[in-house]
Structures are given as C-alpha cells and as structure tokens.
Amino acid sequence: MDIRAGLSSGSKRAAARLITMIENSSKEAIQIIKENYHMTGRARIIGITGPPGAGKSTVTDKLAKLVRKKDKKVAIIAVDPTSPFSGGAILGDRIRMSDLSTDEGVFIRSMGTRGALGGLSKAVHGAIKVMDMAGYDYIFVETVGVGQSEIDIVKIADTVLMVMVPGLGDDIQAIKAGIMEIGDVFAVNKSDREGAERTATEIEVMLDLSGMTEYRPPVKNIIARDNIGIEELFDAIEKHYEYMNHSGNLSKRREKAVEMEVLEIFKEDLLGRIMKLQKSTDYLSALILKVLNKETDPYSAASELSHILSQEEGRVND
Amino acid sequence: MNRPIRVLVAKPGLDGHDRGAKVVARAMRDAGMEVIYTGLRQTPEQIAEAAIQEDVDCVSMSILSGAHNHLFPKVVRLIKEKGGDDILIIGGGVIPEEDIPGLKEAGIAEIFTPGTPTAVTIDFITQNIKRN
C-alpha cells in the first residue's frame with residue numbers, strides 16, 4: 001500500500017495504516033510525519049475526559065453528529081485501557097458511535113493505552129497529526145475513564161471538555177487538585193438523575209474559588225442519550241476556542257504542547273539509547289544488583305548510567 | 001511479532017445475543033490482543049468500514065440468527081472493495097455443518113461452531129493473520 005499517495009488522496013485505509021505504524025513505532029511512519037508536518041495545525045482538537053461511565057462516548061457521538069451538520073469533517077480518537085498483565089485490551093467506544101461508522105466525513109479510531117498512564121496512549125500525538133494531515137476539521141480525543149490525575153489530555157487539546165455525572169462523591173472531590181482543574185468546559189451528563197443540580201453547584205463553587213476572571217469555564221446540564229443540551233454544549237466549546245484565539249492563549253497552549261512533546265520524544269530517545277547499550281553490555285543489570293546489595297543507591301546508579309552512556313557513545317563515534 | 005494483533009469483534013444482523021462474542025473477546029484480550037467491539041446489530045457496511053478505520057488484522061463475526069449465508073459473504077465483499085485484502089475474516093455462532101463449505105468459498109477463513117474452546121480460535125488467528 002502506498003501510504004503517501006493514499007494520504008494525499010484522502011484514503012481512510014492509508015490513514016488507518018499509518019496510525020497503526022505509529023502505534024508500533026515504525027521509523028517509516030515517523031519519516032512520513034516529518035515530510036507532512038507542515039500540513040498540521042489546521043484542525044481543532046477537543047479533548048473529552050471524565051470518569052468511567054460518565055457518558056464520554058455518547059457525548060462524543062452527539063457532538064460529532066452536530067459538527068457533521070455544519071458540514072465539517074470529524075475524526076475521533078477513542079482511548080481505552082490496555083491490560084497491564086496480558087497487553088490486550090477491549091476497545092468498546094465504537095459501540096456508542098455506530099451510526100457514524102458509515103459517514104464518509106467521519107473517521108473513528110480506537111486505541112489501547114499500551115502502558116501510558118496519563119489517560120491517553122503514546123501514539124495519540126501521532127494519530128492526531130495523521131487526522132490533521134488527512135483534512136479533518138475537528139478531532140475529538142476521548143480519554144480513558146479517568147480518576148483524579150490523568151491529565152495528559154490538557155497537553156494536546158485546544159479545549160478540554162470535562163464530562164461529569166451526579167452521584168460520584170461529596171464536594172471535597174471537586175476541590176482536590178488534578179483532574180478538576182483542567183476543564184475548559186464542564187458538562188453534567190445524565191442530568192435527569194437525582195443530584196445533578198448539586199453536582200453542577202459543586203463545580204460552580206469550585207470555579208468561584210479558582211479566581212479565574214478572564215475566562216470562566218461554563219457548566220452545562222445535558223442528557224447526551226436524548227441529545228438534550230448538546231447544541232448549548234457545542235456553543236460553549238466554540239466560545240472557549242474564540243476566547244483562546246483572541247486572548248493569545250491558544251498559541252501559548254500550543255507552544256507548551258510542542259515543548260512537552262519534544263521533551264517527551266527526547267526522553268524516549270534517551271531511554272532507547274540506554275536500552276540499546278544494555279543489549280550489548282550488562283551495565284544495567286550490574287548496577288541493579290549493586291543497588292539491591294546496598295553497595296550503591298538508585299541516584300548514583302542513574303548518574304553512572306548517563307556517564308556510561310556518554311562514554312560508550314563517544315567511543316562509537318570516535 | 002512484537003505488536004498486539006488487532007481484532008474487530010462484530011455482531012452482524014438482528015440477533016441480540018452477544019454473550020458468546022463477549023466471551024471470545026475477553027479471551028482474545030487475555031491473549032494480548034486489542035479487541036475492538038462494535039456492539040449489536042451492525043450492518044455489513046458498518047463492519048467493513050470499522051475494519052478499515054481500525055486497521056485490524058482480523059474480523060471475527062458472530063451470528064445466531066441464521067442469516068450467515070447472506071451477511072458473512074457480504075462483509076467479505078465490502079472489506080475487499082475497500083482494499084482490505086490482507087484482513088483475515090472468520091465467523092462463529094450457530095451455523096449448520098452443511099453451510100460451512102459455502103461460507104469458506106465466499107472468503108470466510110474458518111467457522112467456529114458452539115463448543116469450540118476459545119484457545120482454538122485464538123491459535124487460528126495468531127497463525128493465519130496475513131501481515132507481520
């Protein structure tokens with residue numbers, strides 16, 4: 001399959017294969033991204049996060065349908081957890097998006113976290129770029145069901161939509177640090193259920209205390225299953241984008257995102273080099289043994305490792 | 001191969017019984033596969049499109065309604081039309097012995113009838129997927 005040609009002719013098969021290659025850290029995929037990187041940055045990236053069972057997939061489905069009515073193309077990246085034991089996963093977000101499957105202007109891709117802990121998968125960055133290059137106007141990124149600190153979505157999305165539901169705990173949950181701080185727009189889903197008003201009030205109180213003056217995240221009551229409140233929610237997302245754009249915060253956020261991405265890639269690269277070194281030598285195992293026997297400590301072992309790395313690589317380069 | 005095999009588990013047609021499909025999906029998960037489950041009552045078009053977008057190695061369909069002779073070949077045809085020649089397509093469910101040769105002729109690589117241990121299905125997938 002000629003991925004480059006497919007990508008420019010809008011083939012879903014080509015885009016899908018490229019994402020698979022990125023997931024499997026293929027060098028060719030990285031090369032293709034490099035060649036086309038200048039084409040990225042056009043899509044709007046909306047992160048959708050919230051606790052398990054809050055209705056993220058249903059909300060995504062309804063928002064995507066609304067965007068389609070405006071004749072914009074939509075890509076959805078839906079992440080579900082990978083088993084830490086088998087490495088397998090059940091990716092079930094498509095269940096709520098069945099009618100979107102056959103829409104020409106929609107591309108849905110499910111991903112396993114494959115060991116990443118921030119609520120996304122490592123390959124999400126790359127997948128977003130592929131969808132962006134392929135000309136999708138809106139990219140919805142749905143995280144795994146989050147707990148309190150899976151906040152990686154804030155590093156990639158222009159707007160973070162936090163989907164909450166009534167009945168998850170008392171008001172102290174809303175003032176803890178972490179996940180509740182990253183919402184740009186809040187939705188209280190299943191708001192026909194008991195306690196919905198209270199949940200919305202608790203979020204409002206949290207926002208009162210946060211002292212945000214320039215922009216205050218709105219809290220919208222919705223019932224995604226019945227498509228109630230979705231238009232208002234989408235308007236709120238659009239308004240946030242306008243605010244970000246005019247205030248200059250969008251470029252600041254994207255700058256921050258690029259910084260984190262570059263550092264992340266660098267970290268991976270460094271780790272890869274150490275692992276490659278490890279293949280030819282037994283430095284790491286020897287160091288581990290030393291730490292275990294209390295002959296040294298983890299801090300010294302790590303500095304010794306970077307020392308060995310520069311020495312060994314220097315020798316190779318000579 | 002050091003990447004997870006991706007499998008689409010799909011329920012074509014109108015029967016609402018997916019216990020079998022879920023048991024198989026769970027076993028695949030435990031065997032280290034990434035299983036995309038589409039949910040009930042999928043049309044062949046939806047299944048084919050999902051298989052392409054998810055870039056799966058294998059599509060595994062379950063059917064208990066008796067419509068397999070119509071639906072299975074249609075999924076195979078649509079997937080091929082969309083360029084998915086390298087996708088392994090298998091089926092399972094309540095399927096009479098005499099229908100199996102015809103389904104295989106239509107491009108279903110194997111049919112797993114009730115009572116098949118999940119390990120047999122998983123082995124078949126592992127050994128027969130067409131890409132590495």
# chains A, B, ... in the order shown; residues from 1 in each chain; ligands from 1

$ interface_residues --of "chain A" --to "chain B" --cutoff "9 Å" --atoms "only C-alpha atoms" --output "PyMOL selection string"
chain A and resi 12-13+15-17+19-20+23-24+82-83+85-102+107-112

$ write_last_selection --atoms "N, CA and C atoms" --output "CSV table (one decimal), in the first residue's frame"
chain,number,residue,atom,x,y,z
A,12,LYS,N,-9.0,6.5,3.7
A,12,LYS,CA,-9.0,6.1,5.1
A,12,LYS,C,-8.1,5.0,5.4
A,13,ARG,N,-8.0,4.1,4.4
A,13,ARG,CA,-7.2,2.9,4.6
A,13,ARG,C,-5.7,3.3,4.9
A,15,ALA,N,-4.6,6.3,5.9
A,15,ALA,CA,-4.5,7.0,7.2
A,15,ALA,C,-4.5,6.0,8.4
A,16,ALA,N,-5.4,5.0,8.2
A,16,ALA,CA,-5.5,4.0,9.3
A,16,ALA,C,-4.2,3.2,9.5
A,17,ARG,N,-3.6,2.8,8.3
A,17,ARG,CA,-2.4,2.0,8.4
A,17,ARG,C,-1.3,2.8,9.0
A,19,ILE,N,-1.5,5.2,11.2
A,19,ILE,CA,-1.7,5.2,12.6
A,19,ILE,C,-1.2,3.9,13.3
A,20,THR,N,-1.5,2.8,12.6
A,20,THR,CA,-1.0,1.5,13.2
A,20,THR,C,0.5,1.5,13.2
A,23,GLU,N,1.6,3.5,16.1
A,23,GLU,CA,1.5,2.8,17.3
A,23,GLU,C,2.6,1.8,17.5
A,24,ASN,N,3.1,1.2,16.4
A,24,ASN,CA,4.1,0.2,16.6
A,24,ASN,C,5.5,0.8,16.4
A,82,THR,N,-5.4,-0.6,28.3
A,82,THR,CA,-4.7,-1.8,28.0
A,82,THR,C,-4.5,-2.6,29.3
A,83,SER,N,-4.6,-3.9,29.2
A,83,SER,CA,-4.4,-4.7,30.4
A,83,SER,C,-2.9,-4.7,30.8
A,85,PHE,N,-1.5,-6.8,32.4
A,85,PHE,CA,-1.0,-8.2,32.5
A,85,PHE,C,-0.8,-8.9,31.1
A,86,SER,N,-1.8,-8.8,30.3
A,86,SER,CA,-1.7,-9.5,29.0
A,86,SER,C,-1.3,-8.6,27.9
A,87,GLY,N,-1.4,-7.3,28.1
A,87,GLY,CA,-1.1,-6.4,27.0
A,87,GLY,C,-2.3,-6.2,26.0
A,88,GLY,N,-3.3,-7.0,26.3
A,88,GLY,CA,-4.5,-6.9,25.4
A,88,GLY,C,-5.5,-5.8,25.9
A,89,ALA,N,-6.5,-5.6,25.2
A,89,ALA,CA,-7.5,-4.6,25.5
A,89,ALA,C,-8.8,-4.9,24.9
A,90,ILE,N,-9.9,-4.4,25.5
A,90,ILE,CA,-11.2,-4.3,24.9
A,90,ILE,C,-11.5,-2.9,24.6
A,91,LEU,N,-11.6,-2.5,23.3
A,91,LEU,CA,-11.8,-1.2,23.0
A,91,LEU,C,-13.3,-1.1,22.6
A,92,GLY,N,-14.1,-0.4,23.4
A,92,GLY,CA,-15.5,-0.5,23.2
A,92,GLY,C,-16.2,0.8,23.0
A,93,ASP,N,-15.4,1.8,22.6
A,93,ASP,CA,-16.1,3.2,22.5
A,93,ASP,C,-16.9,3.3,21.2
A,94,ARG,N,-16.6,2.4,20.2
A,94,ARG,CA,-17.4,2.5,19.0
A,94,ARG,C,-18.8,2.1,19.2
A,95,ILE,N,-19.1,1.3,20.2
A,95,ILE,CA,-20.5,0.9,20.4
A,95,ILE,C,-21.5,2.0,20.4
A,96,ARG,N,-21.0,3.1,21.0
A,96,ARG,CA,-21.9,4.3,21.1
A,96,ARG,C,-21.9,5.2,19.9
A,97,MET,N,-21.1,4.8,18.9
A,97,MET,CA,-20.9,5.6,17.7
A,97,MET,C,-21.3,4.9,16.4
A,98,SER,N,-22.1,3.9,16.5
A,98,SER,CA,-22.4,3.0,15.4
A,98,SER,C,-22.8,3.8,14.1
A,99,ASP,N,-23.7,4.7,14.3
A,99,ASP,CA,-24.3,5.4,13.1
A,99,ASP,C,-23.2,6.2,12.4
A,100,LEU,N,-22.1,6.6,13.1
A,100,LEU,CA,-21.1,7.4,12.5
A,100,LEU,C,-20.2,6.6,11.6
A,101,SER,N,-20.2,5.3,11.8
A,101,SER,CA,-19.3,4.4,11.1
A,101,SER,C,-19.3,4.6,9.6
A,102,THR,N,-20.4,4.7,9.0
A,102,THR,CA,-20.5,4.7,7.6
A,102,THR,C,-20.6,6.2,7.0
A,107,PHE,N,-14.1,9.7,10.8
A,107,PHE,CA,-13.1,8.6,10.9
A,107,PHE,C,-12.9,8.3,12.4
A,108,ILE,N,-13.2,7.1,12.8
A,108,ILE,CA,-13.1,6.8,14.2
A,108,ILE,C,-12.0,5.8,14.4
A,109,ARG,N,-11.1,6.0,15.4
A,109,ARG,CA,-10.0,5.1,15.6
A,109,ARG,C,-10.0,4.8,17.1
A,110,SER,N,-10.0,3.5,17.5
A,110,SER,CA,-9.9,3.1,18.9
A,110,SER,C,-8.4,2.8,19.2
A,111,MET,N,-7.9,3.2,20.4
A,111,MET,CA,-6.6,2.9,20.8
A,111,MET,C,-6.5,2.3,22.2
A,112,GLY,N,-5.6,1.4,22.4
A,112,GLY,CA,-5.3,1.0,23.8
A,112,GLY,C,-4.2,1.9,24.4

$ residues_around --residues "stretch 112-118 of chain B" --least-positions-apart "2" --cutoff "9 Å" --atoms "only C-alpha atoms" --output "list in words"
Gly20, Val23, Val24, Ala27, Met28, Ile90, Gly91, Gly92, Gly93, Val94, Ile95, Pro96, Glu97, Glu110, Val120, Thr121, Ile122 and Asp123 of chain B

$ residues_around --residues "stretch 64-79 of chain A" --least-positions-apart "5" --cutoff "9 Å" --atoms "only C-alpha atoms" --output "PDB file with C-alpha atoms, in the first residue's frame"
ATOM      1  CA  SER A  57     -18.528   8.220  24.125  1.00  0.00           C
ATOM      2  CA  VAL A  59     -21.320  12.883  24.272  1.00  0.00           C
ATOM      3  CA  LEU A  91     -11.827  -1.158  22.955  1.00  0.00           C
ATOM      4  CA  GLY A  92     -15.527  -0.501  23.214  1.00  0.00           C
ATOM      5  CA  ASP A  93     -16.076   3.152  22.458  1.00  0.00           C
ATOM      6  CA  ARG A  94     -17.387   2.490  18.953  1.00  0.00           C
ATOM      7  CA  LEU A 100     -21.127   7.423  12.493  1.00  0.00           C
ATOM      8  CA  GLU A 104     -17.874   9.491   4.710  1.00  0.00           C
ATOM      9  CA  GLY A 105     -16.800  12.544   6.690  1.00  0.00           C
ATOM     10  CA  VAL A 106     -16.085  10.665   9.905  1.00  0.00           C
ATOM     11  CA  PHE A 107     -13.058   8.634  10.918  1.00  0.00           C
ATOM     12  CA  ILE A 108     -13.087   6.755  14.225  1.00  0.00           C
ATOM     13  CA  ARG A 109     -10.025   5.085  15.637  1.00  0.00           C
ATOM     14  CA  SER A 110      -9.861   3.129  18.901  1.00  0.00           C
ATOM     15  CA  MET A 111      -6.573   2.869  20.756  1.00  0.00           C
ATOM     16  CA  GLY A 112      -5.317   0.988  23.790  1.00  0.00           C
ATOM     17  CA  THR A 113      -3.236   2.909  26.319  1.00  0.00           C
ATOM     18  CA  GLY A 119      -5.292   8.724  30.246  1.00  0.00           C
ATOM     19  CA  LEU A 120      -4.082   8.599  26.641  1.00  0.00           C
ATOM     20  CA  SER A 121      -1.843   6.420  24.513  1.00  0.00           C
ATOM     21  CA  VAL A 124      -2.213   9.759  20.240  1.00  0.00           C
ATOM     22  CA  ALA A 127      -2.663   9.863  15.339  1.00  0.00           C
ATOM     23  CA  ILE A 128      -3.812  13.466  15.747  1.00  0.00           C
ATOM     24  CA  MET A 131      -6.031  13.034  11.056  1.00  0.00           C
ATOM     25  CA  ASP A 132      -4.978  16.666  10.782  1.00  0.00           C
ATOM     26  CA  GLY A 135      -8.010  17.130   6.424  1.00  0.00           C
ATOM     27  CA  TYR A 136     -10.351  16.518   9.333  1.00  0.00           C
ATOM     28  CA  ASP A 137     -11.640  19.827  10.703  1.00  0.00           C
ATOM     29  CA  TYR A 138     -12.452  18.651  14.199  1.00  0.00           C
ATOM     30  CA  ILE A 139     -10.556  15.988  16.095  1.00  0.00           C
ATOM     31  CA  PHE A 140     -12.233  14.666  19.215  1.00  0.00           C
ATOM     32  CA  VAL A 141      -9.905  12.829  21.551  1.00  0.00           C
ATOM     33  CA  GLU A 142     -11.719  10.740  24.123  1.00  0.00           C
ATOM     34  CA  THR A 143      -9.581   9.676  27.072  1.00  0.00           C
ATOM     35  CA  VAL A 144      -9.923   6.534  29.136  1.00  0.00           C
ATOM     36  CA  GLY A 145     -12.253   6.871  32.105  1.00  0.00           C
ATOM     37  CA  ILE A 230     -25.763  19.254  23.081  1.00  0.00           C
ATOM     38  CA  GLU A 231     -26.100  22.432  20.987  1.00  0.00           C
ATOM     39  CA  PHE A 234     -21.081  22.818  21.475  1.00  0.00           C
TER      40      PHE A 234
END

$ select_by_dssp --residues "chain B" --states "strand (DSSP E or B)" --output "PyMOL selection string"
chain B and resi 6-10+12+34-37+42+58-63+88-93+110-112

$ write_last_selection --atoms "C-alpha atoms" --output "PDB file, in the first residue's frame"
ATOM      1  CA  ARG B   6      -5.961  -6.095  16.405  1.00  0.00           C
ATOM      2  CA  VAL B   7      -9.283  -7.870  16.035  1.00  0.00           C
ATOM      3  CA  LEU B   8     -12.717  -6.459  15.289  1.00  0.00           C
ATOM      4  CA  VAL B   9     -15.415  -8.488  17.019  1.00  0.00           C
ATOM      5  CA  ALA B  10     -18.720  -7.802  15.330  1.00  0.00           C
ATOM      6  CA  PRO B  12     -23.905  -8.538  12.090  1.00  0.00           C
ATOM      7  CA  GLU B  34      -6.529  -5.452  21.067  1.00  0.00           C
ATOM      8  CA  VAL B  35     -10.191  -6.189  20.552  1.00  0.00           C
ATOM      9  CA  ILE B  36     -12.483  -3.585  19.077  1.00  0.00           C
ATOM     10  CA  TYR B  37     -16.046  -4.476  19.937  1.00  0.00           C
ATOM     11  CA  GLN B  42     -24.311  -3.961  12.837  1.00  0.00           C
ATOM     12  CA  CYS B  58      -8.789  -9.922  11.738  1.00  0.00           C
ATOM     13  CA  VAL B  59     -12.567  -9.528  11.670  1.00  0.00           C
ATOM     14  CA  SER B  60     -14.346 -12.047  13.850  1.00  0.00           C
ATOM     15  CA  MET B  61     -18.117 -12.187  13.395  1.00  0.00           C
ATOM     16  CA  SER B  62     -20.706 -13.951  15.465  1.00  0.00           C
ATOM     17  CA  ILE B  63     -24.179 -14.710  14.287  1.00  0.00           C
ATOM     18  CA  LEU B  88      -8.380 -12.341   7.954  1.00  0.00           C
ATOM     19  CA  ILE B  89     -12.139 -12.890   8.268  1.00  0.00           C
ATOM     20  CA  ILE B  90     -13.586 -15.585  10.494  1.00  0.00           C
ATOM     21  CA  GLY B  91     -17.048 -16.406  11.789  1.00  0.00           C
ATOM     22  CA  GLY B  92     -18.790 -18.225  14.552  1.00  0.00           C
ATOM     23  CA  GLY B  93     -22.157 -18.966  16.070  1.00  0.00           C
ATOM     24  CA  GLU B 110     -12.785 -20.549   9.244  1.00  0.00           C
ATOM     25  CA  ILE B 111     -16.079 -21.121  11.050  1.00  0.00           C
ATOM     26  CA  PHE B 112     -16.113 -21.864  14.764  1.00  0.00           C
TER      27      PHE B 112
END

$ residues_around --residues "stretch 72-78 of chain B" --least-positions-apart "2" --cutoff "6 Å" --atoms "only C-alpha atoms" --output "ChimeraX atom specification"
/B:44,48,68,80-81,106

$ select_by_dssp --residues "stretch 128-271 of chain A" --states "helix (DSSP H, G or I)" --output "number ranges by chain"
A: 128-133, 152-155, 172-175, 179-181, 196-210, 224-226, 230-247, 249-271

$ closest_residue --among "A:Ile30, A:Ala134, A:Ile182, A:Ala187" --to "A:Gln148" --atoms "only C-alpha atoms"
A:Ile182
